[in-house]
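Undergrad: The structure is given below, and queries will be raised subsequently.
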Amino acid sequence: MVDLNLAAYSRIVILTGAGISVASGIRPFRGPNGVWNEISADQLNADAGQNNPGFIWQTLGAMRKVVASAIPNAAHQALADLEQNLNPSQHFTLITQNIDGLHQRAGSQNVVELHGSLLETRCSNTACDAPVFADQATHADQIPQCSVCHAHQLPNVVLFEEPIPLDASWQSKKALRDCDLFLAIGTSGTVQPAASFVRSADYVGARTILINLEAPSEPNPYFHEVIVGAAEDILPTLLK
């Protein structure tokens, strides 16, 4: 096991991907049993969000049932415990590509959701000022309509070809600007902009570690260390 003296770091940035939630019963998007093995990414892109919202709700609405009943696993809990036990002088940012909200339910506080939240609903009209709201309904029978502008609504997730929310992008860049420890957990490292985060961390001199079920198919020079294994097994010990 890698020796990780957490007290030696003042600005810790964590990046998590779908792999961290598999032990909670949530399917990843890539790899074995991945969602993309059954549907193509362009079926969940910005154009589909405008022109085929029924399919968006059919796919993501069904996922809501799974996400709503999922329980944070030992990896989520280990990260929440880490944040709660840091010294006042230490800064912690958890950037997640996941849309399941399990980090917050485990107790993590400073969470940046790059791709939004599946358990929220938004208006599809970008010019509308209707607020995003919590919503666990699957909307399997009828596409919901905005009460303000009457456009159709969508799950509050970033679809392919949609931009990352400005606030999430800004918070991520700010955290990476001066971090000294960067951990990427359960992520393939292929989806932008998150795939470039390790390069940013390396550039500012941070120690960079990848924790994933599989080692990268091609070595990534920006990761200084790679730990192969399940996050729910590794993190409770590594982050003590």
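Residues in the structure tokens are numbered from 1 in each chain, the chains being A, B, ... in the order shown, and ligands are numbered from 1 in the order shown.
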Could you give me the residues within segment 2-235 of chain A that DSSP places in strand (DSSP E), as number ranges by chain?

TA: A: 11-16, 91-96, 111-113, 116-123, 133-134, 153-157, 181-185, 207-212, 225-228

Undergrad: Skipping near chain neighbours, those fewer than 3 positions away, what residues fall within 7 Å of segment 126-143 of chain A using only C-alpha atoms, listed as a list in words?

TA: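 My list of contacting residues is Gly54, Trp57, Gln58, Gly61, Ala62, Arg64, Leu119, Glu120, Thr121, Arg122, Cys123, Val148, Cys149 and His152 of chain A.
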
Undergrad: As JSON, numbers by chain, please: every residue in segment 91-190 of chain A that DSSP puts in helix (DSSP H, G or I).

TA: {"A": [102, 103, 104, 105, 106, 166, 167, 168, 169, 170, 171, 172, 173, 174, 175, 176, 177]}

Undergrad: Name the residues in contact with Leu102 of chain A at a cut-off of 8 Å, using only C-alpha atoms, excluding same-chain residues fewer than 4 positions from it; report them as a ChimeraX atom specification.

TA: /A:21,70-72,76,106

Undergrad: Here is a test: counting only C-alpha atoms, which residue of A:Asn110, A:Asn125, A:Gln84, A:Asn220 is nearest to Ala175 of chain A?

TA: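 For Ala175 of chain A, the nearest of the candidates is A:Asn110.
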
Undergrad: Skipping near chain neighbours, those fewer than 2 positions away, what residues fall within 8 Å of Ile95 of chain A using only C-alpha atoms, listed as a VMD selection string?

TA: chain A and resid 13 to 16 93 97 111 to 114 172

Undergrad: Those same residues - all heavy atoms - I'd like them written as a PDB file, in the first residue's frame.

TA:
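This is the output file result-v5.pdb:
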```
ATOM      1  N   VAL A  13      -7.175  17.682  -3.380  1.00  0.00           N
ATOM      2  CA  VAL A  13      -8.231  17.629  -4.387  1.00  0.00           C
ATOM      3  C   VAL A  13      -8.478  16.168  -4.755  1.00  0.00           C
ATOM      4  O   VAL A  13      -7.543  15.428  -5.075  1.00  0.00           O
ATOM      5  CB  VAL A  13      -7.860  18.428  -5.651  1.00  0.00           C
ATOM      6  CG1 VAL A  13      -8.938  18.260  -6.730  1.00  0.00           C
ATOM      7  CG2 VAL A  13      -7.692  19.906  -5.316  1.00  0.00           C
ATOM      8  N   ILE A  14      -9.736  15.770  -4.691  1.00  0.00           N
ATOM      9  CA  ILE A  14     -10.150  14.424  -5.058  1.00  0.00           C
ATOM     10  C   ILE A  14     -11.020  14.508  -6.311  1.00  0.00           C
ATOM     11  O   ILE A  14     -11.909  15.352  -6.401  1.00  0.00           O
ATOM     12  CB  ILE A  14     -10.985  13.766  -3.934  1.00  0.00           C
ATOM     13  CG1 ILE A  14     -10.278  13.878  -2.579  1.00  0.00           C
ATOM     14  CG2 ILE A  14     -11.323  12.325  -4.286  1.00  0.00           C
ATOM     15  CD1 ILE A  14      -9.048  13.040  -2.421  1.00  0.00           C
ATOM     16  N   LEU A  15     -10.774  13.631  -7.273  1.00  0.00           N
ATOM     17  CA  LEU A  15     -11.639  13.491  -8.444  1.00  0.00           C
ATOM     18  C   LEU A  15     -12.214  12.083  -8.431  1.00  0.00           C
ATOM     19  O   LEU A  15     -11.461  11.114  -8.344  1.00  0.00           O
ATOM     20  CB  LEU A  15     -10.849  13.715  -9.729  1.00  0.00           C
ATOM     21  CG  LEU A  15     -11.592  13.378 -11.035  1.00  0.00           C
ATOM     22  CD1 LEU A  15     -12.750  14.337 -11.273  1.00  0.00           C
ATOM     23  CD2 LEU A  15     -10.634  13.377 -12.233  1.00  0.00           C
ATOM     24  N   THR A  16     -13.535  11.960  -8.497  1.00  0.00           N
ATOM     25  CA  THR A  16     -14.132  10.629  -8.532  1.00  0.00           C
ATOM     26  C   THR A  16     -14.941  10.415  -9.803  1.00  0.00           C
ATOM     27  O   THR A  16     -15.512  11.345 -10.365  1.00  0.00           O
ATOM     28  CB  THR A  16     -15.044  10.365  -7.315  1.00  0.00           C
ATOM     29  OG1 THR A  16     -16.167  11.262  -7.345  1.00  0.00           O
ATOM     30  CG2 THR A  16     -14.289  10.548  -6.020  1.00  0.00           C
ATOM     31  N   THR A  93     -11.270  19.628  -1.519  1.00  0.00           N
ATOM     32  CA  THR A  93     -12.274  19.761  -2.563  1.00  0.00           C
ATOM     33  C   THR A  93     -12.489  18.405  -3.213  1.00  0.00           C
ATOM     34  O   THR A  93     -11.533  17.756  -3.642  1.00  0.00           O
ATOM     35  CB  THR A  93     -11.847  20.769  -3.645  1.00  0.00           C
ATOM     36  OG1 THR A  93     -11.590  22.037  -3.043  1.00  0.00           O
ATOM     37  CG2 THR A  93     -12.939  20.931  -4.702  1.00  0.00           C
ATOM     38  N   GLN A  97     -17.489  13.378 -11.129  1.00  0.00           N
ATOM     39  CA  GLN A  97     -18.149  13.249 -12.424  1.00  0.00           C
ATOM     40  C   GLN A  97     -19.492  12.534 -12.270  1.00  0.00           C
ATOM     41  O   GLN A  97     -20.245  12.428 -13.243  1.00  0.00           O
ATOM     42  CB  GLN A  97     -17.255  12.452 -13.383  1.00  0.00           C
ATOM     43  CG  GLN A  97     -15.930  13.127 -13.702  1.00  0.00           C
ATOM     44  CD  GLN A  97     -14.987  12.188 -14.423  1.00  0.00           C
ATOM     45  OE1 GLN A  97     -14.324  11.353 -13.825  1.00  0.00           O
ATOM     46  NE2 GLN A  97     -14.926  12.316 -15.735  1.00  0.00           N
ATOM     47  N   VAL A 111     -18.345  19.552  -2.244  1.00  0.00           N
ATOM     48  CA  VAL A 111     -18.456  18.699  -3.423  1.00  0.00           C
ATOM     49  C   VAL A 111     -18.782  19.554  -4.648  1.00  0.00           C
ATOM     50  O   VAL A 111     -19.703  20.367  -4.623  1.00  0.00           O
ATOM     51  CB  VAL A 111     -19.551  17.628  -3.242  1.00  0.00           C
ATOM     52  CG1 VAL A 111     -19.655  16.754  -4.484  1.00  0.00           C
ATOM     53  CG2 VAL A 111     -19.273  16.781  -1.999  1.00  0.00           C
ATOM     54  N   VAL A 112     -18.022  19.349  -5.717  1.00  0.00           N
ATOM     55  CA  VAL A 112     -18.270  20.009  -6.992  1.00  0.00           C
ATOM     56  C   VAL A 112     -18.804  18.956  -7.952  1.00  0.00           C
ATOM     57  O   VAL A 112     -18.121  17.980  -8.267  1.00  0.00           O
ATOM     58  CB  VAL A 112     -16.986  20.632  -7.567  1.00  0.00           C
ATOM     59  CG1 VAL A 112     -17.267  21.284  -8.928  1.00  0.00           C
ATOM     60  CG2 VAL A 112     -16.395  21.647  -6.597  1.00  0.00           C
ATOM     61  N   GLU A 113     -20.045  19.129  -8.409  1.00  0.00           N
ATOM     62  CA  GLU A 113     -20.665  18.169  -9.325  1.00  0.00           C
ATOM     63  C   GLU A 113     -20.459  18.644 -10.769  1.00  0.00           C
ATOM     64  O   GLU A 113     -21.190  19.497 -11.261  1.00  0.00           O
ATOM     65  CB  GLU A 113     -22.149  18.016  -9.010  1.00  0.00           C
ATOM     66  CG  GLU A 113     -22.411  17.357  -7.653  1.00  0.00           C
ATOM     67  CD  GLU A 113     -23.892  17.229  -7.333  1.00  0.00           C
ATOM     68  OE1 GLU A 113     -24.613  18.245  -7.459  1.00  0.00           O
ATOM     69  OE2 GLU A 113     -24.314  16.122  -6.954  1.00  0.00           O
ATOM     70  N   LEU A 114     -19.472  18.072 -11.427  1.00  0.00           N
ATOM     71  CA  LEU A 114     -19.154  18.493 -12.792  1.00  0.00           C
ATOM     72  C   LEU A 114     -20.299  18.241 -13.764  1.00  0.00           C
ATOM     73  O   LEU A 114     -20.530  19.033 -14.683  1.00  0.00           O
ATOM     74  CB  LEU A 114     -17.919  17.739 -13.301  1.00  0.00           C
ATOM     75  CG  LEU A 114     -16.535  18.245 -12.932  1.00  0.00           C
ATOM     76  CD1 LEU A 114     -15.496  17.370 -13.604  1.00  0.00           C
ATOM     77  CD2 LEU A 114     -16.337  19.703 -13.311  1.00  0.00           C
ATOM     78  N   SER A 172     -13.525  23.980  -9.861  1.00  0.00           N
ATOM     79  CA  SER A 172     -12.528  22.944 -10.140  1.00  0.00           C
ATOM     80  C   SER A 172     -11.177  23.572 -10.466  1.00  0.00           C
ATOM     81  O   SER A 172     -10.139  23.159  -9.926  1.00  0.00           O
ATOM     82  CB  SER A 172     -12.991  22.074 -11.312  1.00  0.00           C
ATOM     83  OG  SER A 172     -14.209  21.430 -11.016  1.00  0.00           O
TER      84      SER A 172
END
```

Undergrad: Using only C-alpha atoms, find the one residue out of A:Ile12, A:Leu154, A:Ile20, A:Cys146 that sits nearest to Asn51 of chain A.

TA: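 Nearest candidate to Asn51 of chain A out of A:Ile12, A:Leu154, A:Ile20, A:Cys146: A:Leu154.
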
Undergrad: Taking only C-alpha atoms into account, which of A:Gln145, A:Asn156, A:Gln192, A:Ser124 comes nearest Gln50 of chain A?

TA: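 Looking only at the distances to Gln50 of chain A, the closest residue turns out to be A:Ser124.
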
Undergrad: Neighbours of Ala48 of chain A within 12 Å (only C-alpha atoms; same-chain residues fewer than 3 positions away dropped), as a list of chain:residue names?

TA: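 Counting only the stated atoms, we get A:Ser40, A:Ala41, A:Asp42, A:Gln43, A:Leu44, A:Asn45, A:Asn51, A:Asn52, A:Pro53, A:Gly54, A:Phe55, A:Ile56, A:Trp57, A:Thr59, A:Ser124, A:Leu154, A:Leu159, A:Phe160, A:Glu161, A:Glu162.
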